[in-house]
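Chemist: This is the structure I want to talk about, given as structure tokens.
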Amino acid sequence: MDKVMGPLQKLGKALMGAVAVLPVAALMTGIGYFLDARGGERLSFLASVFQQAGGAVLDNLGVLFAIAISFGLAKDSNGAAALSGFLGFFTVTKLVGPEAVANYRGIEDPAALEGDQALDWAAQGWDAVGPANVLLGIFVGVLAAWTYNRFHATKLPDALAFFSGRRLVPILTSLFSIVLAGVFYFLWPVLY
């Protein structure tokens with residue numbers, strides 16, 4: 001039982017970094033909508049500021065989870081792990097985002113699809129792949145943390161010594177994220 005609970009407790013602790021900012025973001029968004037509804041024209045600028053500030057967090061939850069998990073699960077909570085989570089997330093979302101998948105399938109404009117093709121595209125959920133996708137953020141965060149923990153002390157030959165250790169981790173995470181994107185290309189329609 002400890003073999004299961006130990007890693008889950010570490011993951012839960014790492015998730016707290018991202019989860020801790022959610023109430024503040026929700027409050028700012030809520031205050032913004034309240035001011036918009038009650039304040040009229042005189043408070044519309046302030047309402048917009050609050051809404052946009054809350055949206056900055058809520059619209060990028062996947063990114064926040066990737067960074068928080070990779071940082072939180074890293075052995076020494078190093079910034080290289082967080083950078084790896086950031087790079088890994090954007091590598092995956094760029095490779096399996098709606099524009100990329102449409103390009104792979106020879107679709108010029110997914111919005112122009114009609115009938116069964118439009119339903120099939122919507123059912124596969126490619127439009128949900130983006131900065132707000134928390135599931136991808138969790139997977140990439142775990143991948144980046146594993147990469148950091150495994151390779152942060154790696155020594156390379158003298159000609160490549162600059163890229164040794166912690167500098168190697170973001171590079172490897174980007175490469176491993178290409179593989180993860182390949183897996184998600186086939187799994188995402190099923191998971192969605």
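Numbering starts fresh at 1 for the residues of each chain in the structure tokens, the chains themselves are lettered A, B, ... in the order given, and ligands are numbered from 1 as they appear.
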Would you mind listing what lies within 12 Å of A:Met16 as a PyMOL selection string, with only C-alpha atoms counted and same-chain residues fewer than 5 positions away left out?
Modeler: chain A and resi 9-11+21-23+64-65+67-69+71-73
Chemist: Neighbouring residues of A:Asp109 were defined as those with any atom within 10 Å, considering only C-alpha atoms; residues of the same chain fewer than 6 positions away were excluded. Please report them as a CSV table (one decimal) with N, CA, C and O atoms, in the first residue's frame.
Modeler:
```
chain,number,residue,atom,x,y,z
A,98,PRO,N,-5.0,21.7,-32.2
A,98,PRO,CA,-5.9,21.6,-33.3
A,98,PRO,C,-5.3,21.9,-34.7
A,98,PRO,O,-5.6,21.3,-35.7
A,99,GLU,N,-4.5,22.9,-34.7
A,99,GLU,CA,-3.9,23.3,-36.0
A,99,GLU,C,-3.0,22.2,-36.5
A,99,GLU,O,-3.0,21.9,-37.7
A,102,ALA,N,-5.0,19.1,-37.6
A,102,ALA,CA,-5.7,19.4,-38.9
A,102,ALA,C,-4.6,19.3,-40.0
A,102,ALA,O,-4.9,18.8,-41.1
A,103,ASN,N,-3.5,19.8,-39.8
A,103,ASN,CA,-2.4,19.8,-40.8
A,103,ASN,C,-2.0,18.3,-41.1
A,103,ASN,O,-1.8,18.0,-42.3
```
Chemist: Please, which residues in stretch 119-167 of chain A fall within 12 Å of stretch 76-92 of chain A when counting only C-alpha atoms, and what is the closest atom pair and distance in Å to one decimal for each, ordered by chain then residue number, as a tab-separated table?
Modeler:
```
residue	atom	partner	partner_atom	distance
A:Val129	CA	A:Val92	CA	9.2
A:Gly130	CA	A:Phe90	CA	8.5
A:Pro131	CA	A:Phe90	CA	8.0
A:Ala132	CA	A:Phe89	CA	10.8
A:Asn133	CA	A:Phe89	CA	9.7
A:Val134	CA	A:Phe89	CA	10.2
A:Leu135	CA	A:Phe89	CA	10.6
A:Leu136	CA	A:Phe89	CA	7.2
A:Gly137	CA	A:Phe89	CA	6.3
A:Ile138	CA	A:Phe89	CA	9.3
A:Phe139	CA	A:Phe89	CA	8.8
A:Val140	CA	A:Phe89	CA	5.8
A:Gly141	CA	A:Gly85	CA	5.2
A:Val142	CA	A:Gly85	CA	8.3
A:Leu143	CA	A:Gly85	CA	7.9
A:Ala144	CA	A:Gly85	CA	5.2
A:Ala145	CA	A:Ala81	CA	6.0
A:Trp146	CA	A:Ala81	CA	9.1
A:Thr147	CA	A:Ala81	CA	8.2
A:Tyr148	CA	A:Ala81	CA	5.7
A:Asn149	CA	A:Ala81	CA	8.6
A:Arg150	CA	A:Ala81	CA	11.2
A:Phe151	CA	A:Ala81	CA	10.7
A:His152	CA	A:Ala80	CA	8.7
A:Ala153	CA	A:Asp76	CA	11.9
A:Gly165	CA	A:Ala80	CA	9.9
A:Arg166	CA	A:Ala80	CA	6.1
A:Arg167	CA	A:Ala80	CA	7.2
```
Chemist: Just list the residues in stretch 61-136 of chain A DSSP gives helix (DSSP H, G or I) on the backbone, as a VMD selection string.
Modeler: chain A and resid 61 to 73 79 to 95 98 to 104 110 to 112 115 to 124 126 to 128 134 to 136
Chemist: Using atom CA of A:Phe162 and atom CA of A:Ala66 as the two end points, give the distance in Å to one decimal.
Modeler: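 Between these atoms lies a distance of 25.8 Å.
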Chemist: Could you state the separation of atom CA of A:Ile178 and atom CA of A:Gly97 in Å, given to one decimal place?
Modeler: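 Going from atom CA of A:Ile178 over to atom CA of A:Gly97 covers 12.7 Å.
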Chemist: If we count only C-alpha atoms, what is near A:Val57 at a cut-off of 10 Å, once residues fewer than 4 positions away on the same chain are taken out, given as a list in words?
Modeler: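 Within the cut-off, the hits are Ala18, Val21, Leu22, Val24, Ala25, Ala26, Thr29, Gln52, Ala53, Leu61, Gly62, Val63, Leu64 and Ala132 of chain A.
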Chemist: With all heavy atoms kept, could you save the residues just selected as a CSV table (one decimal), in the first residue's frame?
Modeler:
```csv
chain,number,residue,atom,x,y,z
A,18,ALA,N,-0.2,24.5,-7.8
A,18,ALA,CA,-1.1,25.1,-8.8
A,18,ALA,C,-2.5,25.3,-8.2
A,18,ALA,O,-3.1,26.3,-8.5
A,18,ALA,CB,-1.2,24.1,-10.0
A,21,VAL,N,-3.4,28.8,-6.2
A,21,VAL,CA,-3.7,30.1,-6.9
A,21,VAL,C,-5.1,30.1,-7.4
A,21,VAL,O,-5.6,31.2,-7.8
A,21,VAL,CB,-2.7,30.4,-8.0
A,21,VAL,CG1,-1.3,30.5,-7.5
A,21,VAL,CG2,-2.8,29.4,-9.1
A,22,LEU,N,-5.8,29.0,-7.5
A,22,LEU,CA,-7.2,28.9,-8.1
A,22,LEU,C,-8.2,29.8,-7.3
A,22,LEU,O,-9.0,30.5,-8.0
A,22,LEU,CB,-7.6,27.5,-8.2
A,22,LEU,CG,-6.9,26.6,-9.2
A,22,LEU,CD1,-7.4,25.2,-9.2
A,22,LEU,CD2,-7.0,27.2,-10.6
A,24,VAL,N,-7.8,32.5,-5.6
A,24,VAL,CA,-7.6,33.9,-5.9
A,24,VAL,C,-8.0,34.3,-7.3
A,24,VAL,O,-8.6,35.3,-7.5
A,24,VAL,CB,-6.1,34.3,-5.6
A,24,VAL,CG1,-5.8,35.7,-6.0
A,24,VAL,CG2,-5.7,34.0,-4.2
A,25,ALA,N,-7.7,33.4,-8.2
A,25,ALA,CA,-8.1,33.7,-9.6
A,25,ALA,C,-9.6,33.7,-9.8
A,25,ALA,O,-10.2,34.6,-10.4
A,25,ALA,CB,-7.5,32.6,-10.5
A,26,ALA,N,-10.3,32.8,-9.1
A,26,ALA,CA,-11.7,32.7,-9.1
A,26,ALA,C,-12.3,34.0,-8.5
A,26,ALA,O,-13.3,34.5,-9.0
A,26,ALA,CB,-12.2,31.5,-8.5
A,29,THR,N,-11.9,37.0,-10.8
A,29,THR,CA,-12.9,36.9,-11.9
A,29,THR,C,-14.3,37.2,-11.4
A,29,THR,O,-15.0,38.0,-12.1
A,29,THR,CB,-12.8,35.5,-12.6
A,29,THR,OG1,-11.5,35.2,-13.0
A,29,THR,CG2,-13.7,35.4,-13.7
A,52,GLN,N,-9.7,40.0,-16.5
A,52,GLN,CA,-8.5,39.6,-17.2
A,52,GLN,C,-7.4,39.0,-16.3
A,52,GLN,O,-6.7,38.1,-16.6
A,52,GLN,CB,-7.9,40.8,-18.0
A,52,GLN,CG,-8.8,41.3,-19.1
A,52,GLN,CD,-9.1,40.3,-20.1
A,52,GLN,OE1,-8.3,39.5,-20.5
A,52,GLN,NE2,-10.4,40.2,-20.5
A,53,ALA,N,-7.3,39.6,-15.1
A,53,ALA,CA,-6.3,39.1,-14.1
A,53,ALA,C,-6.7,37.6,-13.7
A,53,ALA,O,-5.8,36.7,-13.6
A,53,ALA,CB,-6.2,40.0,-12.9
A,61,LEU,N,-4.4,27.0,-17.0
A,61,LEU,CA,-4.2,26.0,-15.9
A,61,LEU,C,-3.3,24.9,-16.3
A,61,LEU,O,-2.6,24.4,-15.5
A,61,LEU,CB,-5.6,25.5,-15.6
A,61,LEU,CG,-6.5,26.3,-14.7
A,61,LEU,CD1,-7.8,25.7,-14.4
A,61,LEU,CD2,-5.8,26.6,-13.4
A,62,GLY,N,-3.4,24.4,-17.5
A,62,GLY,CA,-2.5,23.3,-17.9
A,62,GLY,C,-1.0,23.7,-17.8
A,62,GLY,O,-0.2,22.9,-17.3
A,63,VAL,N,-0.7,24.9,-18.2
A,63,VAL,CA,0.7,25.4,-18.0
A,63,VAL,C,1.1,25.4,-16.6
A,63,VAL,O,2.2,25.0,-16.2
A,63,VAL,CB,0.9,26.8,-18.7
A,63,VAL,CG1,2.3,27.3,-18.5
A,63,VAL,CG2,0.4,26.8,-20.1
A,64,LEU,N,0.2,26.0,-15.7
A,64,LEU,CA,0.5,26.1,-14.3
A,64,LEU,C,0.7,24.7,-13.7
A,64,LEU,O,1.6,24.5,-12.9
A,64,LEU,CB,-0.6,26.8,-13.6
A,64,LEU,CG,-0.7,28.3,-14.0
A,64,LEU,CD1,-2.0,28.9,-13.3
A,64,LEU,CD2,0.5,29.0,-13.5
A,132,ALA,N,-5.1,25.6,-21.4
A,132,ALA,CA,-6.0,25.3,-20.2
A,132,ALA,C,-6.1,23.8,-20.0
A,132,ALA,O,-6.8,23.5,-19.0
A,132,ALA,CB,-7.3,26.0,-20.5
```
Chemist: Could you tell me how far atom CA of A:Gly32 lies from atom CA of A:Ser48, in Å and to one decimal?
Modeler: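 Spanning atom CA of A:Gly32 to atom CA of A:Ser48 is a straight-line distance of 6.2 Å.
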Chemist: May I ask which of the residues A:Phe45, A:Leu160, A:Tyr192, A:Gly39 is the closest one to A:Ala123, counting only C-alpha atoms?
Modeler: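 The answer is A:Tyr192, which sits nearest to A:Ala123.
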